[in-house]
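Coordinates as given in coords.txt (compact mmCIF, C-alpha atoms):
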```
# COMPACT_ATOMS: atom_id res chain seq x y z
CA MET A 484 78.87 -65.77 119.65
CA GLU A 485 80.86 -68.98 119.60
CA ARG A 486 83.10 -67.45 122.26
CA LYS A 487 80.17 -67.18 124.70
CA ARG A 488 78.48 -70.44 123.77
CA GLU A 489 79.62 -72.37 126.84
CA GLN A 490 78.44 -69.67 129.22
CA LEU A 491 75.05 -69.49 127.49
CA GLU A 492 74.76 -73.27 127.63
CA GLU A 493 75.49 -73.17 131.36
CA GLN A 494 72.44 -70.89 131.62
CA GLY A 495 70.38 -73.48 129.75
CA ILE A 496 70.35 -71.46 126.55
CA GLN A 497 71.25 -73.07 123.22
CA ILE A 498 72.25 -71.07 120.15
CA ALA A 499 71.25 -71.47 116.53
CA ALA A 500 71.76 -69.21 113.55
CA ILE A 501 69.80 -68.98 110.30
CA SER A 502 70.82 -67.58 106.94
CA ASN A 503 69.79 -68.20 103.36
CA ASP A 504 73.10 -69.91 102.62
CA LYS A 505 73.19 -73.40 101.17
CA VAL A 506 74.11 -76.27 103.52
CA GLY A 507 77.54 -76.62 101.88
CA ALA A 508 78.49 -73.01 102.58
CA LEU A 509 77.41 -73.41 106.21
CA GLU A 510 79.38 -76.62 106.54
CA HIS A 511 82.44 -74.88 105.13
CA PHE A 512 82.06 -71.88 107.44
CA SER A 513 81.34 -74.06 110.47
CA ALA A 514 84.51 -76.10 109.98
CA ARG A 515 86.62 -73.04 109.19
CA ALA A 516 85.45 -70.98 112.16
CA GLY A 517 84.99 -73.87 114.59
CA ILE A 518 81.29 -73.25 115.17
CA GLY A 519 79.78 -75.50 117.83
CA PHE A 520 76.14 -74.58 117.40
CA ALA A 521 73.56 -75.23 114.69
CA LEU A 522 73.76 -73.18 111.50
CA LEU A 523 70.45 -73.54 109.72
CA SER A 524 70.03 -73.29 105.98
CA ASP A 525 67.00 -71.44 104.64
CA PRO A 526 67.94 -71.26 100.93
CA ASP A 527 64.54 -70.01 99.74
CA SER A 528 64.24 -67.60 102.71
CA GLU A 529 61.00 -69.33 103.60
CA ILE A 530 61.61 -69.22 107.38
CA ILE A 531 63.06 -65.73 107.10
CA LYS A 532 59.83 -64.56 105.47
CA ARG A 533 57.61 -66.45 107.90
CA PHE A 534 59.37 -64.68 110.78
CA GLY A 535 58.87 -61.35 108.99
CA VAL A 536 62.58 -60.53 109.04
CA LEU A 537 63.32 -60.45 105.30
CA ASN A 538 65.54 -57.50 104.44
CA THR A 539 63.15 -55.67 102.14
CA SER A 540 65.69 -53.03 101.19
CA VAL A 541 67.32 -55.53 98.80
CA PRO A 542 65.55 -55.55 95.40
CA ALA A 543 64.12 -58.92 94.31
CA ASP A 544 66.44 -59.07 91.29
CA HIS A 545 69.60 -58.50 93.37
CA PRO A 546 71.91 -61.48 94.12
CA ASN A 547 71.61 -60.70 97.84
CA TYR A 548 67.81 -60.85 97.78
CA GLY A 549 66.56 -63.14 100.52
CA ILE A 550 68.93 -62.07 103.29
CA PRO A 551 67.36 -61.42 106.68
CA ASN A 552 67.57 -58.34 108.85
CA PRO A 553 70.15 -58.87 111.60
CA VAL A 554 67.78 -59.82 114.42
CA GLU A 555 68.46 -62.01 117.42
CA PHE A 556 65.61 -63.58 119.34
CA LEU A 557 65.92 -65.02 122.81
CA ILE A 558 63.06 -67.51 122.79
CA ASN A 559 61.50 -69.28 125.77
CA PRO A 560 60.95 -73.06 125.52
CA ASP A 561 57.20 -72.32 124.98
CA ARG A 562 58.15 -70.43 121.78
CA THR A 563 57.40 -66.96 123.16
CA VAL A 564 59.94 -64.21 122.59
CA ARG A 565 61.74 -63.31 125.80
CA ALA A 566 63.93 -60.61 124.28
CA LYS A 567 64.79 -59.28 120.88
CA TYR A 568 67.96 -57.59 119.72
CA TYR A 569 67.87 -55.63 116.55
CA GLU A 570 70.36 -53.34 114.89
CA GLU A 571 69.39 -51.23 111.88
CA SER A 572 72.59 -51.98 110.00
CA TYR A 573 73.43 -55.53 108.97
CA ARG A 574 77.01 -54.71 109.95
CA ASP A 575 76.08 -54.11 113.60
CA ARG A 576 75.57 -56.89 116.07
CA PHE A 577 75.06 -57.34 119.80
CA THR A 578 77.82 -59.50 121.24
CA GLY A 579 77.05 -62.77 122.99
CA GLY A 580 78.65 -61.38 126.12
CA ARG A 581 76.34 -58.39 126.12
CA ILE A 582 73.29 -60.64 125.96
CA LEU A 583 74.66 -62.78 128.77
CA VAL A 584 75.37 -59.90 131.10
CA THR A 585 72.39 -57.67 130.56
CA GLU A 586 69.66 -60.15 129.72
CA LEU A 587 70.53 -63.27 131.68
CA GLY A 588 72.16 -61.55 134.63
CA GLY A 589 75.34 -63.47 133.98
CA GLU A 590 78.62 -62.75 135.66
CA ALA A 591 80.54 -59.81 134.32
CA GLY A 592 82.29 -60.93 131.17
CA ALA A 593 85.90 -59.81 131.26
CA ALA A 594 87.38 -58.21 134.35
CA GLN A 595 89.45 -55.14 133.53
CA LYS A 596 90.74 -53.58 136.71
CA THR A 597 89.70 -52.67 140.23
CA ILE A 598 90.07 -49.28 141.87
CA GLN A 599 90.04 -48.88 145.63
CA THR A 600 89.44 -45.51 147.28
CA ASP A 601 88.71 -44.49 150.87
CA HIS A 602 85.00 -44.65 150.09
CA LEU A 603 84.47 -47.48 147.65
CA ARG A 604 85.79 -50.27 145.48
CA ALA A 605 85.04 -50.09 141.76
CA ALA A 606 85.46 -53.26 139.67
CA ILE A 607 85.58 -52.38 135.99
CA TRP A 608 84.51 -54.98 133.41
CA SER A 609 83.36 -55.44 129.86
CA SER A 610 80.89 -58.00 128.56
CA ASP A 611 83.49 -59.21 126.04
CA ALA A 612 87.28 -59.36 126.00
CA VAL A 613 87.42 -59.52 122.21
CA VAL A 614 85.40 -57.27 119.91
CA ARG A 615 84.90 -56.72 116.20
CA GLY A 616 83.80 -53.77 114.15
CA GLY A 617 80.04 -53.21 114.42
CA ASN A 618 79.79 -54.90 117.83
CA ARG A 619 77.54 -53.57 120.53
CA LEU A 620 78.90 -54.64 123.88
CA ALA A 621 78.37 -53.61 127.48
CA LEU A 622 80.83 -51.87 129.76
CA GLY A 623 80.25 -51.98 133.47
CA VAL A 624 81.40 -50.75 136.84
CA ASP A 625 80.45 -52.75 139.93
CA ILE A 626 80.67 -50.52 142.97
CA GLU A 627 80.90 -51.58 146.58
CA LEU A 628 80.71 -48.75 149.09
CA ALA A 629 82.41 -48.86 152.46
CA PRO A 630 80.07 -49.43 155.44
CA LYS A 631 77.82 -46.46 156.29
CA MET A 632 78.92 -44.71 153.11
CA HIS A 633 76.59 -43.49 150.39
CA VAL A 634 76.92 -41.66 147.08
CA TYR A 635 74.26 -39.51 145.48
CA ALA A 636 72.17 -40.89 142.65
CA PRO A 637 71.11 -39.05 139.48
CA GLY A 638 68.24 -36.63 140.10
CA VAL A 639 69.61 -35.38 143.40
CA GLU A 640 69.48 -31.65 143.99
CA GLY A 641 72.13 -29.69 145.79
CA TYR A 642 74.65 -32.56 145.81
CA LEU A 643 76.92 -34.06 143.20
CA ALA A 644 75.30 -37.15 141.67
CA ILE A 645 77.48 -40.03 140.53
CA ASP A 646 78.32 -39.46 136.87
CA TRP A 647 80.06 -41.73 134.37
CA THR A 648 81.37 -40.09 131.22
CA MET A 649 83.35 -41.59 128.36
CA ASP A 650 86.24 -39.81 126.68
CA PRO A 651 85.06 -39.03 123.15
CA GLU A 652 86.72 -41.12 120.43
CA PRO A 653 85.83 -41.11 116.73
CA GLY A 654 84.17 -44.38 115.77
CA ILE A 655 83.10 -45.19 119.33
CA GLN A 656 79.55 -44.42 120.35
CA PRO A 657 78.74 -44.78 124.04
CA LEU A 658 75.05 -45.08 124.89
CA GLU A 659 73.30 -43.88 128.05
CA VAL A 660 74.30 -45.29 131.42
CA GLU A 661 71.74 -47.57 133.06
CA TYR A 662 71.57 -46.47 136.68
CA PRO A 663 69.85 -48.77 139.16
CA GLU A 664 66.94 -47.52 141.23
CA ALA A 665 68.13 -45.35 144.09
CA ARG A 666 67.18 -45.58 147.75
CA ARG A 667 65.55 -42.50 149.23
CA LEU A 668 67.54 -41.48 152.26
CA GLU A 669 65.77 -39.38 154.86
CA MET A 670 67.87 -36.81 156.62
CA PRO A 671 65.61 -35.49 159.42
CA ALA A 672 68.24 -33.08 160.76
CA ILE A 673 68.07 -31.03 157.60
CA GLN A 674 64.56 -32.13 156.57
CA GLU A 675 65.64 -33.56 153.25
CA VAL A 676 65.02 -36.79 151.35
CA VAL A 677 67.71 -37.56 148.81
CA PRO A 678 68.27 -40.41 146.31
CA VAL A 679 71.39 -42.38 147.17
CA TYR A 680 73.21 -45.62 146.52
CA GLU A 681 74.59 -47.71 149.36
CA GLY A 682 76.27 -51.11 149.56
CA LYS A 683 76.74 -52.80 146.19
CA PHE A 684 75.35 -51.63 142.85
CA ARG A 685 76.10 -52.01 139.15
CA LEU A 686 76.39 -49.33 136.49
CA ILE A 687 76.20 -50.52 132.92
CA ARG A 688 76.28 -48.90 129.50
CA ASP A 689 76.32 -50.18 125.94
CA VAL A 690 78.96 -49.07 123.50
CA HIS A 691 78.83 -49.28 119.73
CA ILE A 692 82.17 -50.08 118.10
CA GLY A 693 82.53 -48.58 114.60
CA GLN A 694 83.62 -50.48 111.53
CA PRO A 695 87.31 -51.50 111.30
CA ASN A 696 88.22 -48.52 109.09
CA GLU A 697 86.63 -46.16 111.61
CA VAL A 698 88.47 -47.49 114.65
CA GLU A 699 91.79 -48.46 113.06
CA ALA A 700 93.49 -45.26 114.22
CA LEU A 701 92.52 -46.02 117.84
CA LEU A 702 94.25 -49.39 118.01
CA ASP A 703 97.46 -49.59 120.03
CA PRO A 704 100.63 -51.31 118.67
CA GLN A 705 99.28 -54.65 119.96
CA GLY A 706 96.11 -54.11 117.94
CA ARG A 707 93.98 -53.48 121.02
CA LEU A 708 91.24 -50.97 121.48
CA ASN A 709 91.54 -48.78 124.57
CA LEU A 710 88.43 -47.06 125.87
CA ARG A 711 88.61 -44.51 128.64
CA GLY A 712 86.13 -42.75 130.87
CA LYS A 713 85.68 -41.00 134.18
CA LEU A 714 83.55 -41.72 137.19
CA ARG A 715 82.80 -38.72 139.35
CA TYR A 716 81.07 -39.04 142.70
CA GLN A 717 80.67 -37.47 146.09
CA ALA A 718 80.59 -39.86 149.03
CA CYS A 719 79.20 -39.15 152.48
CA ASP A 720 78.94 -41.24 155.61
CA ASP A 721 76.66 -40.65 158.59
CA LYS A 722 78.86 -37.81 159.81
CA ILE A 723 80.51 -35.96 156.95
CA CYS A 724 80.55 -35.51 153.20
CA TYR A 725 83.91 -35.95 151.51
CA LEU A 726 85.30 -33.92 148.65
CA PRO A 727 84.10 -35.00 145.18
CA LYS A 728 86.39 -37.50 143.54
CA THR A 729 87.06 -38.49 139.93
CA LEU A 730 88.27 -41.98 138.99
CA ASP A 731 89.94 -42.82 135.70
CA LEU A 732 88.22 -45.80 134.09
CA SER A 733 89.74 -47.80 131.26
CA TRP A 734 88.97 -50.86 129.20
CA THR A 735 91.39 -52.74 126.96
CA LEU A 736 89.72 -54.92 124.34
CA ALA A 737 91.35 -57.19 121.78
CA PHE A 738 90.18 -56.19 118.32
CA GLU A 739 89.53 -58.95 115.82
CA GLN A 740 89.26 -58.42 112.08
CA HIS A 741 86.28 -59.81 110.16
CA ASP A 742 86.60 -63.20 108.53
CA ARG A 743 86.62 -62.48 104.79
CA THR A 744 87.33 -66.02 103.62
CA ARG A 745 84.70 -67.25 101.20
CA ALA A 746 83.28 -70.70 100.59
CA PRO A 747 84.36 -72.42 97.36
CA GLU A 748 82.45 -71.09 94.37
CA GLU A 749 80.17 -74.10 93.93
CA LEU A 750 78.88 -73.79 97.51
CA ARG A 751 77.85 -70.15 97.22
CA ARG A 752 74.29 -68.90 96.90
CA MET B 496 40.00 -50.17 102.30
CA THR B 497 38.28 -49.29 105.55
CA ARG B 498 40.09 -49.51 108.83
CA ARG B 499 38.03 -52.58 109.77
CA GLU B 500 39.04 -54.33 106.56
CA LEU B 501 42.67 -53.45 107.16
CA TYR B 502 42.53 -54.96 110.64
CA GLY B 503 40.93 -58.03 109.09
CA VAL B 504 43.85 -58.43 106.71
CA ILE B 505 46.39 -58.03 109.50
CA ALA B 506 44.52 -60.44 111.79
CA GLY B 507 44.25 -62.90 108.90
CA GLY B 508 47.98 -62.68 108.36
CA TYR B 509 48.62 -63.48 112.01
CA ALA B 510 46.13 -66.34 111.97
CA ALA B 511 47.87 -67.86 108.97
CA GLY B 512 51.14 -67.61 110.88
CA THR B 513 52.82 -66.08 107.89
CA LEU B 514 53.03 -62.43 108.83
CA PHE B 515 54.46 -60.49 111.67
CA ALA B 516 53.93 -56.79 111.66
CA GLN B 517 56.94 -54.62 112.31
CA SER B 518 56.89 -54.24 116.09
CA ALA B 519 58.40 -51.26 117.86
CA ASP B 520 61.58 -53.16 118.64
CA GLY B 521 62.34 -54.16 115.05
CA PRO B 522 61.08 -56.68 112.51
CA GLY B 523 59.55 -60.03 113.40
CA PRO B 524 57.63 -61.26 116.45
CA GLY B 525 57.86 -58.96 119.46
CA LYS B 526 58.43 -59.70 123.12
CA GLY B 527 55.80 -62.09 124.45
CA GLU B 528 54.62 -63.19 121.00
CA HIS B 529 55.04 -66.73 119.69
CA ILE B 530 57.56 -67.44 116.98
CA PRO B 531 56.37 -69.56 114.06
CA ASP B 532 57.49 -73.17 114.21
CA PHE B 533 60.15 -74.09 111.70
CA ARG B 534 62.13 -76.96 110.27
CA ALA B 535 65.51 -76.45 108.63
CA VAL B 536 68.61 -78.44 107.72
CA ASP B 537 71.77 -77.66 109.67
CA GLN B 538 75.40 -77.55 108.51
CA ASN B 539 75.65 -81.34 108.93
CA GLY B 540 72.64 -81.97 106.71
CA LYS B 541 70.45 -82.89 109.67
CA PRO B 542 66.83 -81.62 109.85
CA ARG B 543 66.25 -79.51 112.99
CA THR B 544 63.17 -78.03 114.66
CA PHE B 545 62.74 -75.52 117.48
CA ALA B 546 61.83 -78.33 119.88
CA ASP B 547 65.12 -80.17 119.41
CA LEU B 548 67.26 -77.02 119.27
CA THR B 549 66.05 -75.30 122.44
CA GLY B 550 67.76 -75.64 125.80
CA ASP B 551 65.94 -75.89 129.16
CA ASN B 552 65.82 -72.10 129.34
CA GLY B 553 65.42 -71.34 125.69
CA LEU B 554 67.11 -70.69 122.38
CA LEU B 555 69.05 -67.72 121.13
CA LEU B 556 68.16 -67.60 117.44
CA LEU B 557 70.28 -65.34 115.25
CA PHE B 558 69.28 -64.28 111.78
CA PHE B 559 72.47 -63.42 109.98
CA ARG B 560 73.35 -62.05 106.58
CA SER B 561 75.52 -64.87 105.34
CA ALA B 562 78.31 -67.21 106.35
CA ASP B 563 79.86 -66.41 103.00
CA TRP B 564 80.53 -62.79 102.01
```

Structure translated into structure tokens:
Amino acid sequence: MERKREQLEEQGIQIAAISNDKVGALEHFSARAGIGFALLSDPDSEIIKRFGVLNTSVPADHPNYGIPNPVEFLINPDRTVRAKYYEESYRDRFTGGRILVTELGGEAGAAQKTIQTDHLRAAIWSSDAVVRGGNRLALGVDIELAPKMHVYAPGVEGYLAIDWTMDPEPGIQPLEVEYPEARRLEMPAIQEVVPVYEGKFRLIRDVHIGQPNEVEALLDPQGRLNLRGKLRYQACDDKICYLPKTLDLSWTLAFEQHDRTRAPEELRR
Amino acid sequence: MTRRELYGVIAGGYAAGTLFAQSADGPGPGKGEHIPDFRAVDQNGKPRTFADLTGDNGLLLLFFRSADW
């Protein structure tokens, strides 16, 4: 989150984080990790309970009792919730980049590569350049079609709709692609109306990164995580339809290990 | 407890500002609902409230397990 703080601040969004740690432990962590936003101490979990986000799966007599569920709220200045991000497991977390890109319409996080074909230009990006185990980030492809060109959108019949698949990897869980709304193109000559994309459009999909032990085998010698996929489409202009084409997509993400350093004993909960 | 009584309890909880039912998108207040106001001390020992934390377009508030584990 710290990595995206400046970009969020440029959008007029401040960040704060709450845990039931004591102030000393937060001070220690803040200095160690170089945190530039407020870390709030809620040692009796009073705020956590008032928000209704107490992790009730922890028994009251357990040392971890009082921890919150991992929820992130994007709150308007009038105190209404604009968006909420929640992951079932405390080990999973939406990245700051993902929130920026998909919620605030921010610029694509980290550019990966650009592919140019006769029909289109595809700029491949990820919401974050650096990920950790348990992160949920967004991958994206920004497509710009050549003039007069269109590709078919999902739901089309009789033509090949644009289709983005990910190569299966253990520990990596791609979620569904978010396709933008298609334009309905009328083709009077053949009395058909078909859903198409023209001009510029963005495809986006979230990906869950597994825990470090689950993805370790996927890391390259530089410790990076390489994700691969394919984008298949059929492009047509106002005269002809071209042969279907498949593009190789790839994302290279730096993989960061979790910070396991602990605060000195006397500062702990 | 009748259904009406149950609703009364839930509504009472909301009115007291101490209870948020589990909404479809996870625990805590849902989209469009108000968050409870709060006051907490930050890592520098300074008391903070929502009003002084928020930016012009809002606040991203993260509940996290611990800074120390």

*Up to 6 Å from chain A, what residues of chain B turn up? Count only C-alpha atoms and give them as a ChimeraX atom specification.*
/B:513-515,521-523,526-530,535-538,549-561,563

Those selected residues, please, written with C-alpha atoms and delivered as an mmCIF file, in the coordinates of the input.
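The resulting part36.cif:
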```cif
data_model
loop_
_atom_site.group_PDB
_atom_site.id
_atom_site.type_symbol
_atom_site.label_atom_id
_atom_site.label_comp_id
_atom_site.auth_asym_id
_atom_site.auth_seq_id
_atom_site.Cartn_x
_atom_site.Cartn_y
_atom_site.Cartn_z
ATOM 1 C CA THR B 513 52.820 -66.080 107.890
ATOM 2 C CA LEU B 514 53.030 -62.430 108.830
ATOM 3 C CA PHE B 515 54.460 -60.490 111.670
ATOM 4 C CA GLY B 521 62.340 -54.160 115.050
ATOM 5 C CA PRO B 522 61.080 -56.680 112.510
ATOM 6 C CA GLY B 523 59.550 -60.030 113.400
ATOM 7 C CA LYS B 526 58.430 -59.700 123.120
ATOM 8 C CA GLY B 527 55.800 -62.090 124.450
ATOM 9 C CA GLU B 528 54.620 -63.190 121.000
ATOM 10 C CA HIS B 529 55.040 -66.730 119.690
ATOM 11 C CA ILE B 530 57.560 -67.440 116.980
ATOM 12 C CA ALA B 535 65.510 -76.450 108.630
ATOM 13 C CA VAL B 536 68.610 -78.440 107.720
ATOM 14 C CA ASP B 537 71.770 -77.660 109.670
ATOM 15 C CA GLN B 538 75.400 -77.550 108.510
ATOM 16 C CA THR B 549 66.050 -75.300 122.440
ATOM 17 C CA GLY B 550 67.760 -75.640 125.800
ATOM 18 C CA ASP B 551 65.940 -75.890 129.160
ATOM 19 C CA ASN B 552 65.820 -72.100 129.340
ATOM 20 C CA GLY B 553 65.420 -71.340 125.690
ATOM 21 C CA LEU B 554 67.110 -70.690 122.380
ATOM 22 C CA LEU B 555 69.050 -67.720 121.130
ATOM 23 C CA LEU B 556 68.160 -67.600 117.440
ATOM 24 C CA LEU B 557 70.280 -65.340 115.250
ATOM 25 C CA PHE B 558 69.280 -64.280 111.780
ATOM 26 C CA PHE B 559 72.470 -63.420 109.980
ATOM 27 C CA ARG B 560 73.350 -62.050 106.580
ATOM 28 C CA SER B 561 75.520 -64.870 105.340
ATOM 29 C CA ASP B 563 79.860 -66.410 103.000
#
```

*Contacts of Leu732 (chain A) within 12 Å, all atoms listed in the file, excl. fewer than 6 positions in-chain, as a ChimeraX atom specification*: /A:595-598,605-609,622-625,647-650,709-715

_Which residue of A:Leu628, A:Ala672, A:Ile645, A:Ala593 approaches Val614 (chain A) most closely, using all atoms listed in the file_ =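 Counting all atoms listed in the file, the residue closest to Val614 (chain A) is A:Ala593.
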
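The interatomic distance for the pair CA of His633 (chain A) and CA of Leu730 (chain A) works out to 16.4 Å.
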
*asked:* If I take CA of Ala700 (chain A) and CA of Leu686 (chain A), how far is one from the other in Å, to one decimal?
replied: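 Computing the Euclidean distance for CA of Ala700 (chain A) and CA of Leu686 (chain A) yields 28.4 Å.
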
_Using Å and a single decimal, report how far CA of Arg488 (chain A) sits from CA of Phe545 (chain B)._
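Atom-to-atom, CA of Phe545 (chain B) to CA of Arg488 (chain A), that is 17.7 Å.
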
*Please identify all polymer residues lying at most 12 Å from the point (70.3, -48.6, 146.5) (file coordinates), using all atoms listed in the file, and present the result as a ChimeraX atom specification.*
/A:626-628,632-637,662-668,677-686

Centre, x/y/z edge lengths, axis-aligned box for region 549-562 of chain B with 3 Å per side, as JSON:
```
{"center_x": 71.9, "center_y": -69.0, "center_z": 117.3, "size_x": 18.9, "size_y": 19.8, "size_z": 30.0}
```

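Compared by their closest atoms to Gln717 (chain A), and using all atoms listed in the file, the residues A:Arg688, A:His602, A:Arg619, A:Arg581 rank with A:His602 nearest.
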